[in-house]
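What follows is protein-v7.txt (compact mmCIF, C-alpha atoms).
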# COMPACT_ATOMS: atom_id res chain seq x y z
CA MET A 412 0.00 0.00 0.00
CA ARG A 413 1.18 3.53 -0.78
CA THR A 414 2.37 5.25 2.39
CA THR A 415 0.09 8.21 1.74
CA GLU A 416 -2.86 5.80 1.91
CA GLN A 417 -1.81 3.99 5.07
CA SER A 418 -3.97 4.31 8.15
CA SER A 419 -3.36 7.33 10.37
CA ARG A 420 -1.14 6.87 13.40
CA TYR A 421 -4.00 8.39 15.38
CA ASN A 422 -7.37 6.81 16.07
CA ASN A 423 -10.76 7.97 17.33
CA LEU A 424 -10.26 11.44 15.87
CA ASP A 425 -13.96 12.10 16.24
CA LYS A 426 -13.65 11.69 20.01
CA MET A 427 -10.70 14.07 20.40
CA SER A 428 -10.95 17.56 21.84
CA THR A 429 -10.12 20.47 19.57
CA LEU A 430 -6.72 20.90 21.25
CA GLU A 431 -5.93 17.20 20.83
CA ILE A 432 -6.75 17.42 17.12
CA LEU A 433 -4.57 20.49 16.69
CA ARG A 434 -1.67 18.96 18.59
CA GLY A 435 -1.85 15.80 16.49
CA ILE A 436 -1.85 17.75 13.22
CA ASN A 437 1.03 19.90 14.43
CA GLN A 438 3.03 16.85 15.49
CA GLU A 439 2.63 15.30 12.04
CA ASP A 440 3.45 18.57 10.27
CA ARG A 441 6.80 18.70 12.07
CA THR A 442 7.93 15.61 10.17
CA VAL A 443 7.53 17.22 6.73
CA PRO A 444 10.70 19.39 6.61
CA VAL A 445 12.74 16.35 7.67
CA ALA A 446 11.35 14.37 4.73
CA VAL A 447 12.05 17.27 2.35
CA ALA A 448 15.65 17.48 3.55
CA GLU A 449 16.25 13.91 2.45
CA ALA A 450 15.26 14.85 -1.11
CA LEU A 451 17.65 17.82 -1.40
CA PRO A 452 20.19 16.10 -3.70
CA ASN A 453 17.59 15.55 -6.42
CA ILE A 454 16.03 18.97 -5.88
CA GLU A 455 19.50 20.41 -6.49
CA LYS A 456 19.90 18.41 -9.72
CA LEU A 457 16.51 19.58 -10.93
CA VAL A 458 17.23 23.25 -10.19
CA GLU A 459 20.60 23.06 -11.95
CA GLY A 460 18.96 21.55 -15.02
CA ILE A 461 16.23 24.18 -15.06
CA VAL A 462 18.66 27.09 -14.69
CA GLU A 463 20.73 25.82 -17.61
CA ARG A 464 17.66 25.60 -19.83
CA MET A 465 16.16 28.88 -18.69
CA GLY A 466 19.42 30.51 -19.72
CA ARG A 467 18.46 29.46 -23.26
CA GLY A 468 14.91 30.76 -22.91
CA GLY A 469 13.36 27.60 -21.49
CA ARG A 470 10.28 27.50 -19.28
CA VAL A 471 8.99 25.28 -16.48
CA PHE A 472 5.61 23.60 -16.73
CA TYR A 473 4.06 22.42 -13.48
CA ILE A 474 1.39 19.81 -14.16
CA GLY A 475 -0.87 18.09 -11.66
CA ALA A 476 -4.42 17.26 -10.63
CA GLY A 477 -6.50 18.29 -7.63
CA THR A 478 -4.52 19.76 -4.74
CA SER A 479 -1.21 19.08 -6.49
CA GLY A 480 -2.30 20.95 -9.60
CA ARG A 481 -3.55 23.91 -7.59
CA LEU A 482 -0.26 24.16 -5.70
CA GLY A 483 1.65 24.29 -8.98
CA ILE A 484 -0.61 27.06 -10.27
CA VAL A 485 -0.16 29.05 -7.06
CA ASP A 486 3.62 28.84 -7.25
CA ALA A 487 3.74 29.74 -10.95
CA SER A 488 1.34 32.67 -10.52
CA GLU A 489 3.51 34.27 -7.86
CA ILE A 490 6.68 34.47 -9.96
CA PRO A 491 5.73 37.58 -12.04
CA PRO A 492 4.87 39.88 -9.10
CA THR A 493 7.74 38.60 -6.97
CA TYR A 494 10.52 38.57 -9.54
CA GLY A 495 9.20 40.52 -12.53
CA VAL A 496 9.57 37.46 -14.77
CA TYR A 497 6.70 36.47 -17.04
CA ASN A 498 5.86 33.11 -18.62
CA ALA A 499 8.87 31.37 -17.08
CA PHE A 500 6.73 29.14 -14.84
CA ILE A 501 3.40 27.89 -16.14
CA GLY A 502 0.96 25.94 -13.96
CA LEU A 503 -1.45 23.46 -15.56
CA MET A 504 -3.97 21.13 -13.97
CA ALA A 505 -6.38 18.43 -15.02
CA GLY A 506 -9.72 20.00 -15.85
CA GLY A 507 -8.27 23.40 -16.70
CA ASP A 508 -8.94 26.69 -14.94
CA SER A 509 -12.45 25.71 -13.87
CA ALA A 510 -10.95 22.95 -11.71
CA ILE A 511 -8.97 25.47 -9.66
CA ARG A 512 -12.04 26.34 -7.59
CA THR A 513 -14.30 23.35 -8.21
CA ALA A 514 -13.04 19.80 -7.72
CA ALA A 515 -13.03 17.80 -10.96
CA GLU A 516 -11.41 14.56 -9.85
CA ASN A 517 -12.68 12.49 -12.79
CA VAL A 518 -10.48 14.34 -15.30
CA GLU A 519 -7.16 13.09 -13.96
CA ASP A 520 -7.43 9.60 -15.49
CA ASP A 521 -6.75 10.65 -19.10
CA PRO A 522 -3.06 9.87 -19.87
CA LEU A 523 -3.09 11.90 -23.10
CA GLN A 524 -4.59 15.19 -21.98
CA GLY A 525 -1.62 16.40 -19.94
CA TRP A 526 0.72 16.57 -22.93
CA LYS A 527 -2.01 18.18 -25.03
CA ASP A 528 -2.33 20.91 -22.40
CA ILE A 529 1.44 21.50 -22.45
CA MET A 530 1.62 21.58 -26.24
CA ALA A 531 -0.87 24.44 -26.29
CA PHE A 532 2.22 26.46 -25.28
CA GLU A 533 4.41 25.00 -28.05
CA ALA A 534 6.79 23.28 -25.65
CA ASN A 535 10.33 22.55 -26.83
CA PRO A 536 13.45 20.71 -25.56
CA ASP A 537 14.67 23.76 -23.63
CA ASP A 538 11.59 23.49 -21.42
CA THR A 539 11.14 21.46 -18.24
CA VAL A 540 8.04 19.56 -17.13
CA ILE A 541 7.53 18.89 -13.42
CA GLY A 542 4.77 16.46 -12.58
CA ILE A 543 3.19 16.93 -9.15
CA ALA A 544 1.26 14.01 -7.69
CA ALA A 545 1.30 12.95 -4.06
CA SER A 546 0.28 9.40 -5.00
CA GLY A 547 2.68 9.17 -7.93
CA THR A 548 0.02 7.32 -9.92
CA THR A 549 -2.02 10.06 -11.65
CA PRO A 550 -2.41 9.11 -15.36
CA TYR A 551 -2.81 12.75 -16.47
CA VAL A 552 0.59 13.55 -14.97
CA ILE A 553 2.44 10.35 -15.86
CA GLY A 554 1.33 10.56 -19.49
CA ALA A 555 2.61 14.12 -19.78
CA ILE A 556 5.94 13.23 -18.22
CA ARG A 557 6.49 10.24 -20.47
CA GLU A 558 5.71 12.19 -23.61
CA ALA A 559 7.82 15.18 -22.55
CA ARG A 560 10.81 12.97 -21.77
CA SER A 561 10.52 11.13 -25.08
CA ARG A 562 10.70 14.50 -26.86
CA GLY A 563 13.85 15.64 -25.08
CA LEU A 564 12.42 17.94 -22.40
CA LEU A 565 13.88 17.77 -18.91
CA THR A 566 11.43 16.01 -16.61
CA GLY A 567 11.11 16.18 -12.84
CA CYS A 568 8.41 15.24 -10.39
CA ILE A 569 7.32 15.79 -6.82
CA THR A 570 5.69 12.77 -5.22
CA CYS A 571 5.20 11.51 -1.68
CA ASN A 572 5.49 7.75 -2.25
CA ALA A 573 8.71 5.88 -2.94
CA GLY A 574 9.08 3.87 -6.15
CA SER A 575 5.93 5.21 -7.82
CA PRO A 576 5.14 4.94 -11.55
CA LEU A 577 5.59 8.71 -11.81
CA ALA A 578 9.08 8.59 -10.31
CA GLU A 579 10.03 5.71 -12.59
CA ALA A 580 8.92 7.71 -15.64
CA THR A 581 10.83 10.84 -14.61
CA GLU A 582 14.44 11.80 -15.27
CA ILE A 583 14.91 13.56 -11.91
CA PRO A 584 12.31 12.39 -9.39
CA VAL A 585 11.88 14.21 -6.10
CA GLU A 586 10.39 11.73 -3.65
CA VAL A 587 9.36 13.23 -0.31
CA VAL A 588 7.97 10.35 1.72
CA THR A 589 5.73 11.99 4.29
CA GLY A 590 3.99 8.84 5.55
CA PRO A 591 0.39 8.41 6.69
CA GLU A 592 -1.77 11.49 7.02
CA PHE A 593 -3.43 12.61 10.27
CA VAL A 594 -6.75 11.95 8.53
CA THR A 595 -6.17 8.76 6.57
CA GLY A 596 -5.58 9.49 2.88
CA SER A 597 -6.05 13.27 3.15
CA THR A 598 -2.99 14.18 1.09
CA ARG A 599 -3.88 17.86 1.02
CA MET A 600 -2.29 17.88 4.49
CA LYS A 601 1.31 16.65 4.96
CA ALA A 602 1.82 15.65 1.33
CA GLY A 603 0.45 18.98 0.12
CA THR A 604 2.69 20.83 2.55
CA ALA A 605 5.72 18.91 1.27
CA GLU A 606 4.81 19.72 -2.32
CA LYS A 607 4.50 23.41 -1.50
CA LEU A 608 7.87 23.45 0.27
CA VAL A 609 9.59 21.82 -2.70
CA LEU A 610 7.91 24.15 -5.18
CA ASN A 611 9.08 27.12 -3.10
CA MET A 612 12.62 25.76 -3.21
CA ILE A 613 12.64 25.12 -6.95
CA SER A 614 11.24 28.46 -8.12
CA THR A 615 13.08 30.57 -5.54
CA ALA A 616 16.44 28.91 -6.15
CA CYS A 617 16.01 29.32 -9.91
CA MET A 618 15.17 33.00 -9.63
CA ILE A 619 18.14 33.64 -7.34
CA ARG A 620 20.52 31.74 -9.64
CA LEU A 621 19.21 33.70 -12.63
CA GLY A 622 19.98 37.05 -11.01
CA HIS A 623 16.60 38.30 -9.82
CA VAL A 624 17.79 38.68 -6.22
CA ARG A 625 20.60 40.99 -5.09
CA GLY A 626 21.93 40.30 -1.62
CA ASN A 627 18.65 39.16 -0.12
CA LYS A 628 16.33 41.56 -1.94
CA MET A 629 13.75 41.00 -4.72
CA VAL A 630 15.10 43.74 -6.97
CA ASP A 631 12.77 43.03 -9.91
CA MET A 632 9.46 42.80 -8.02
CA GLN A 633 6.38 44.55 -9.37
CA LEU A 634 5.18 47.69 -7.65
CA SER A 635 1.58 46.52 -7.56
CA ASN A 636 0.48 48.03 -4.24
CA SER A 637 1.51 50.58 -1.61
CA LYS A 638 3.13 47.93 0.60
CA LEU A 639 5.47 46.91 -2.21
CA VAL A 640 6.26 50.54 -3.08
CA ASP A 641 7.24 51.06 0.56
CA ARG A 642 9.34 47.88 0.53
CA GLY A 643 11.06 48.91 -2.69
CA THR A 644 11.74 52.38 -1.32
CA ARG A 645 13.46 50.95 1.74
CA MET A 646 15.46 48.56 -0.44
CA ILE A 647 16.79 51.54 -2.39
CA MET A 648 17.65 53.37 0.83
CA ASP A 649 19.53 50.32 2.14
CA GLU A 650 21.34 49.73 -1.14
CA THR A 651 22.35 53.31 -1.94
CA GLY A 652 22.62 54.97 1.44
CA ILE A 653 19.96 57.54 0.53
CA ALA A 654 18.56 58.82 3.83
CA ASP A 655 15.60 60.74 2.37
CA TYR A 656 12.58 58.41 2.09
CA ASP A 657 10.72 60.67 -0.38
CA MET A 658 13.77 60.93 -2.61
CA ALA A 659 14.16 57.15 -2.71
CA ARG A 660 10.45 56.69 -3.36
CA ASP A 661 10.50 59.21 -6.23
CA LEU A 662 13.48 57.40 -7.71
CA LEU A 663 11.65 54.07 -7.48
CA LEU A 664 8.49 55.40 -9.11
CA LYS A 665 10.48 57.05 -11.88
CA TYR A 666 12.29 53.87 -12.91
CA GLY A 667 9.63 51.32 -11.96
CA GLN A 668 11.80 48.78 -10.16
CA VAL A 669 14.50 48.62 -7.51
CA ARG A 670 17.26 47.36 -9.81
CA ALA A 671 16.73 50.08 -12.42
CA ALA A 672 16.47 52.83 -9.80
CA VAL A 673 19.68 51.80 -8.01
CA THR A 674 21.56 51.49 -11.31
CA ALA A 675 20.40 54.92 -12.48
CA TYR A 676 21.33 56.53 -9.15
CA ARG A 677 24.79 55.02 -9.19
CA ASN A 678 25.33 56.03 -12.80
CA ASP A 679 24.43 59.61 -11.92
CA LEU A 680 26.92 59.58 -9.07
CA SER A 681 29.63 58.26 -11.37
CA GLU A 682 28.94 60.96 -13.95
CA GLN A 683 29.04 63.66 -11.29
CA ALA A 684 32.38 62.33 -10.03
Could you write out this file's structure as structure tokens?
Amino acid sequence: MRTTEQSSRYNNLDKMSTLEILRGINQEDRTVPVAVAEALPNIEKLVEGIVERMGRGGRVFYIGAGTSGRLGIVDASEIPPTYGVYNAFIGLMAGGDSAIRTAAENVEDDPLQGWKDIMAFEANPDDTVIGIAASGTTPYVIGAIREARSRGLLTGCITCNAGSPLAEATEIPVEVVTGPEFVTGSTRMKAGTAEKLVLNMISTACMIRLGHVRGNKMVDMQLSNSKLVDRGTRMIMDETGIADYDMARDLLLKYGQVRAAVTAYRNDLSEQA
């Protein structure tokens, strides 16, 4: 039996107090980062492969079903505002956009549809496909991975069972074995948390390696609200030594991003010298 489907280590959940339920969930959640740490070598290989391909214009396709698909879409959708990079990460899920809000579990059994969804974006060998499936058995995902690999794309996966069909089909499998869930089979819990942690690692590491972070700052983030304008202003103050908040803010708004504003300021100083 897949470990994600094994019976919970806890019994009589319906007779527990609220605090007992919360403590049990928290105790299980603590095991997830430990499981992720064991998968770091393959996460590293996957990131290195992605960075190499992105340097040639490649993209990353996350593909999944249900919770796994939604997590991929969330991660991909946050790259443009965070790093100012568009169409580098693309999230796809069985059932399309309508399945993001409304469960459509019956659509994940088609092994051909996943690759069709990817090919709508004219995928090529510089791209990477990462299949996300806690069970490691989702036909929609496995079919896409097999087809992508046969066509020369880099393939990775995130799964929470060892030795799954998905991992076997994938060039660089990331297996994070999280064990039984607090509620038996509810993989939106520990397995979903593990998937989210790995997705964070992959996209963040790629963006750092590709130069979208300076020091520890998101220098290419979008200025989409007042909080981010304030953050960007303070980044410029820290980076340049400008003590006047309004001056730094005006500089940011003039050039539209932290990197451009800092570069322009330093160029002006050089010219004046």
With all atoms of range 434-442 of chain A from the file as input, state the centre and edge lengths in Å to one decimal of the axis-aligned box that has 6 Å extra on each side, as AutoDock Vina command-line options.
--center_x 3.0 --center_y 17.6 --center_z 14.4 --size_x 21.8 --size_y 16.6 --size_z 20.4
Could you give me, as a Markdown table, every range 414-477 of chain A residue with an atom at most 9 Å from range 506-523 of chain A, plus its closest atom pair and distance in Å to one decimal, counting only C-alpha atoms, rows ordered by chain then number?
| residue | atom | partner | partner_atom | distance |
| --- | --- | --- | --- | --- |
| A:Gly475 | CA | A:Glu519 | CA | 8.4 |
| A:Ala476 | CA | A:Glu519 | CA | 6.0 |
| A:Gly477 | CA | A:Glu516 | CA | 6.6 |
>> Residues within 12 Å of Val552 in chain A, please, as a ChimeraX atom specification. Count all atoms listed in the file; anything in the same chain fewer than 5 positions from it doesn't count.
In response: /A:472-477,479-480,503-505,518-529,540-547,557-559,566-570,576-578,580-581
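Taking all atoms listed in the file into account, the residues near (2.1, 15.0, 4.4), no farther than 8 Å, are Thr415, Glu439, Asp440, Val443, Cys571, Val588, Thr589, Gly590, Pro591, Glu592, Thr598, Arg599, Met600, Lys601, Ala602, Gly603, Thr604 and Ala605 of chain A.
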>> For a test of reading the model, state the distance in Å between CA of Thr442 in chain A and CA of Val609 in chain A, rounded to one decimal.
In response: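 Separation of CA of Thr442 in chain A and CA of Val609 in chain A: 14.4 Å.
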> Of the candidates A:Asp657, A:Val587, A:Glu650, A:Ala534, which one gets nearest to Pro444 in chain A if we count all atoms listed in the file?
Replying inline: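 Ranked by minimum distance to Pro444 in chain A, first place goes to A:Val587.
Here CA of Thr595 in chain A is placed at a distance of 27.2 Å from CA of Met612 in chain A.
Coordinates place CA of Arg620 in chain A at a distance of 10.2 Å from CA of Gly466 in chain A.
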> Which is closest to Val462 in chain A among A:Pro492, A:Asn422, A:Glu682, A:Ala616, if we use only C-alpha atoms?
Replying inline: A:Ala616
> Smallest atom-to-atom distance to Gly435 in chain A: which of A:Asn611, A:Met530, A:Arg420, A:Leu664, using only C-alpha atoms?
Replying inline: A:Arg420
>> Every residue with an atom at most 10 Å from (14.2, 58.1, -5.4) (file coordinates; all atoms listed in the file) is what I'm after, so could you write them as a list in words?
In response: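 The answer, in the requested form, is Thr644, Ile647, Met648, Ile653, Asp655, Tyr656, Asp657, Met658, Ala659, Arg660, Asp661, Leu662, Leu663, Leu664, Lys665, Tyr666, Val669, Ala672, Val673, Ala675 and Tyr676 of chain A.
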Near Ile432 in chain A, counting only C-alpha atoms, which residues have an atom at most 12 Å away, once you skip same-chain residues fewer than 5 positions from it, shown as a PDB file with C-alpha atoms, in the coordinates of the input?
ATOM      1  CA  TYR A 421      -4.000   8.390  15.380  1.00  0.00           C
ATOM      2  CA  ASN A 422      -7.370   6.810  16.070  1.00  0.00           C
ATOM      3  CA  ASN A 423     -10.760   7.970  17.330  1.00  0.00           C
ATOM      4  CA  LEU A 424     -10.260  11.440  15.870  1.00  0.00           C
ATOM      5  CA  ASP A 425     -13.960  12.100  16.240  1.00  0.00           C
ATOM      6  CA  LYS A 426     -13.650  11.690  20.010  1.00  0.00           C
ATOM      7  CA  MET A 427     -10.700  14.070  20.400  1.00  0.00           C
ATOM      8  CA  ASN A 437       1.030  19.900  14.430  1.00  0.00           C
ATOM      9  CA  GLN A 438       3.030  16.850  15.490  1.00  0.00           C
ATOM     10  CA  GLU A 439       2.630  15.300  12.040  1.00  0.00           C
ATOM     11  CA  PHE A 593      -3.430  12.610  10.270  1.00  0.00           C
ATOM     12  CA  VAL A 594      -6.750  11.950   8.530  1.00  0.00           C
TER      13      VAL A 594
END
> Do you know which residues are at most 7 Å from Ala487 in chain A counting all atoms listed in the file, after dropping those on the same chain fewer than 3 positions away, and could you put them as a list in words?
Replying inline: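 My list of contacting residues is Gly483, Ile484, Ile490, Phe500, Ile501 and Gly502 of chain A.
The smallest atom-to-atom distance between Asp631 in chain A and any of A:Gly574, A:Pro452, A:Gly652, A:Pro491, using all atoms listed in the file, is found for A:Pro491.
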>> When you count only C-alpha atoms, which of these residues is closest to Thr539 in chain A: A:Leu610, A:Glu463, A:Leu482, A:Ser575?
In response: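 So, comparing all the options, the nearest one is A:Glu463.
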> Which one of A:Glu606, A:Ser635, A:Gln668, A:Ile619 sits closest to Ala446 in chain A if you count all atoms listed in the file?
Replying inline: A:Glu606
Can you list, as a JSON list (two decimals) with C-alpha atoms, in the frame of the given file, every protein, DNA or RNA residue that comes within 6 Å of Pro536 in chain A when you count all atoms listed in the file, leaving out same-chain residues fewer than 2 positions away?
[["chain", "number", "residue", "atom", "x", "y", "z"],
["A", 538, "ASP", "CA", 11.59, 23.49, -21.42],
["A", 563, "GLY", "CA", 13.85, 15.64, -25.08],
["A", 564, "LEU", "CA", 12.42, 17.94, -22.40]]
Would you fill out range 497-513 of chain A with N, CA and C atoms and return it as a PDB file, in the frame of the given file?
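Dumped everything to result_29.pdb:
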ATOM      1  N   TYR A 497       7.976  36.938 -16.509  1.00  0.00           N
ATOM      2  CA  TYR A 497       6.700  36.470 -17.040  1.00  0.00           C
ATOM      3  C   TYR A 497       6.888  35.223 -17.895  1.00  0.00           C
ATOM      4  N   ASN A 498       5.918  34.313 -17.783  1.00  0.00           N
ATOM      5  CA  ASN A 498       5.860  33.110 -18.620  1.00  0.00           C
ATOM      6  C   ASN A 498       7.054  32.188 -18.454  1.00  0.00           C
ATOM      7  N   ALA A 499       7.757  32.292 -17.348  1.00  0.00           N
ATOM      8  CA  ALA A 499       8.870  31.370 -17.080  1.00  0.00           C
ATOM      9  C   ALA A 499       8.362  30.115 -16.392  1.00  0.00           C
ATOM     10  N   PHE A 500       7.363  30.270 -15.526  1.00  0.00           N
ATOM     11  CA  PHE A 500       6.730  29.140 -14.840  1.00  0.00           C
ATOM     12  C   PHE A 500       5.255  29.141 -15.214  1.00  0.00           C
ATOM     13  N   ILE A 501       4.779  28.003 -15.674  1.00  0.00           N
ATOM     14  CA  ILE A 501       3.400  27.890 -16.140  1.00  0.00           C
ATOM     15  C   ILE A 501       2.737  26.718 -15.406  1.00  0.00           C
ATOM     16  N   GLY A 502       1.661  26.978 -14.706  1.00  0.00           N
ATOM     17  CA  GLY A 502       0.960  25.940 -13.960  1.00  0.00           C
ATOM     18  C   GLY A 502      -0.252  25.427 -14.739  1.00  0.00           C
ATOM     19  N   LEU A 503      -0.341  24.109 -14.867  1.00  0.00           N
ATOM     20  CA  LEU A 503      -1.450  23.460 -15.560  1.00  0.00           C
ATOM     21  C   LEU A 503      -2.040  22.383 -14.663  1.00  0.00           C
ATOM     22  N   MET A 504      -3.350  22.195 -14.755  1.00  0.00           N
ATOM     23  CA  MET A 504      -3.970  21.130 -13.970  1.00  0.00           C
ATOM     24  C   MET A 504      -5.084  20.447 -14.734  1.00  0.00           C
ATOM     25  N   ALA A 505      -5.315  19.204 -14.384  1.00  0.00           N
ATOM     26  CA  ALA A 505      -6.380  18.430 -15.020  1.00  0.00           C
ATOM     27  C   ALA A 505      -7.716  19.133 -14.829  1.00  0.00           C
ATOM     28  N   GLY A 506      -8.432  19.320 -15.920  1.00  0.00           N
ATOM     29  CA  GLY A 506      -9.720  20.000 -15.850  1.00  0.00           C
ATOM     30  C   GLY A 506      -9.645  21.465 -16.175  1.00  0.00           C
ATOM     31  N   GLY A 507      -8.421  22.001 -16.329  1.00  0.00           N
ATOM     32  CA  GLY A 507      -8.270  23.400 -16.700  1.00  0.00           C
ATOM     33  C   GLY A 507      -8.602  24.367 -15.584  1.00  0.00           C
ATOM     34  N   ASP A 508      -8.750  25.631 -15.932  1.00  0.00           N
ATOM     35  CA  ASP A 508      -8.940  26.690 -14.940  1.00  0.00           C
ATOM     36  C   ASP A 508     -10.186  26.491 -14.085  1.00  0.00           C
ATOM     37  N   SER A 509     -11.222  25.897 -14.658  1.00  0.00           N
ATOM     38  CA  SER A 509     -12.450  25.710 -13.870  1.00  0.00           C
ATOM     39  C   SER A 509     -12.240  24.774 -12.695  1.00  0.00           C
ATOM     40  N   ALA A 510     -11.223  23.906 -12.790  1.00  0.00           N
ATOM     41  CA  ALA A 510     -10.950  22.950 -11.710  1.00  0.00           C
ATOM     42  C   ALA A 510     -10.179  23.576 -10.561  1.00  0.00           C
ATOM     43  N   ILE A 511      -9.710  24.816 -10.737  1.00  0.00           N
ATOM     44  CA  ILE A 511      -8.970  25.470  -9.660  1.00  0.00           C
ATOM     45  C   ILE A 511      -9.871  25.657  -8.445  1.00  0.00           C
ATOM     46  N   ARG A 512     -11.118  26.070  -8.692  1.00  0.00           N
ATOM     47  CA  ARG A 512     -12.040  26.340  -7.590  1.00  0.00           C
ATOM     48  C   ARG A 512     -12.996  25.177  -7.319  1.00  0.00           C
ATOM     49  N   THR A 513     -13.316  24.431  -8.357  1.00  0.00           N
ATOM     50  CA  THR A 513     -14.300  23.350  -8.210  1.00  0.00           C
ATOM     51  C   THR A 513     -13.638  22.016  -8.508  1.00  0.00           C
TER      52      THR A 513
END
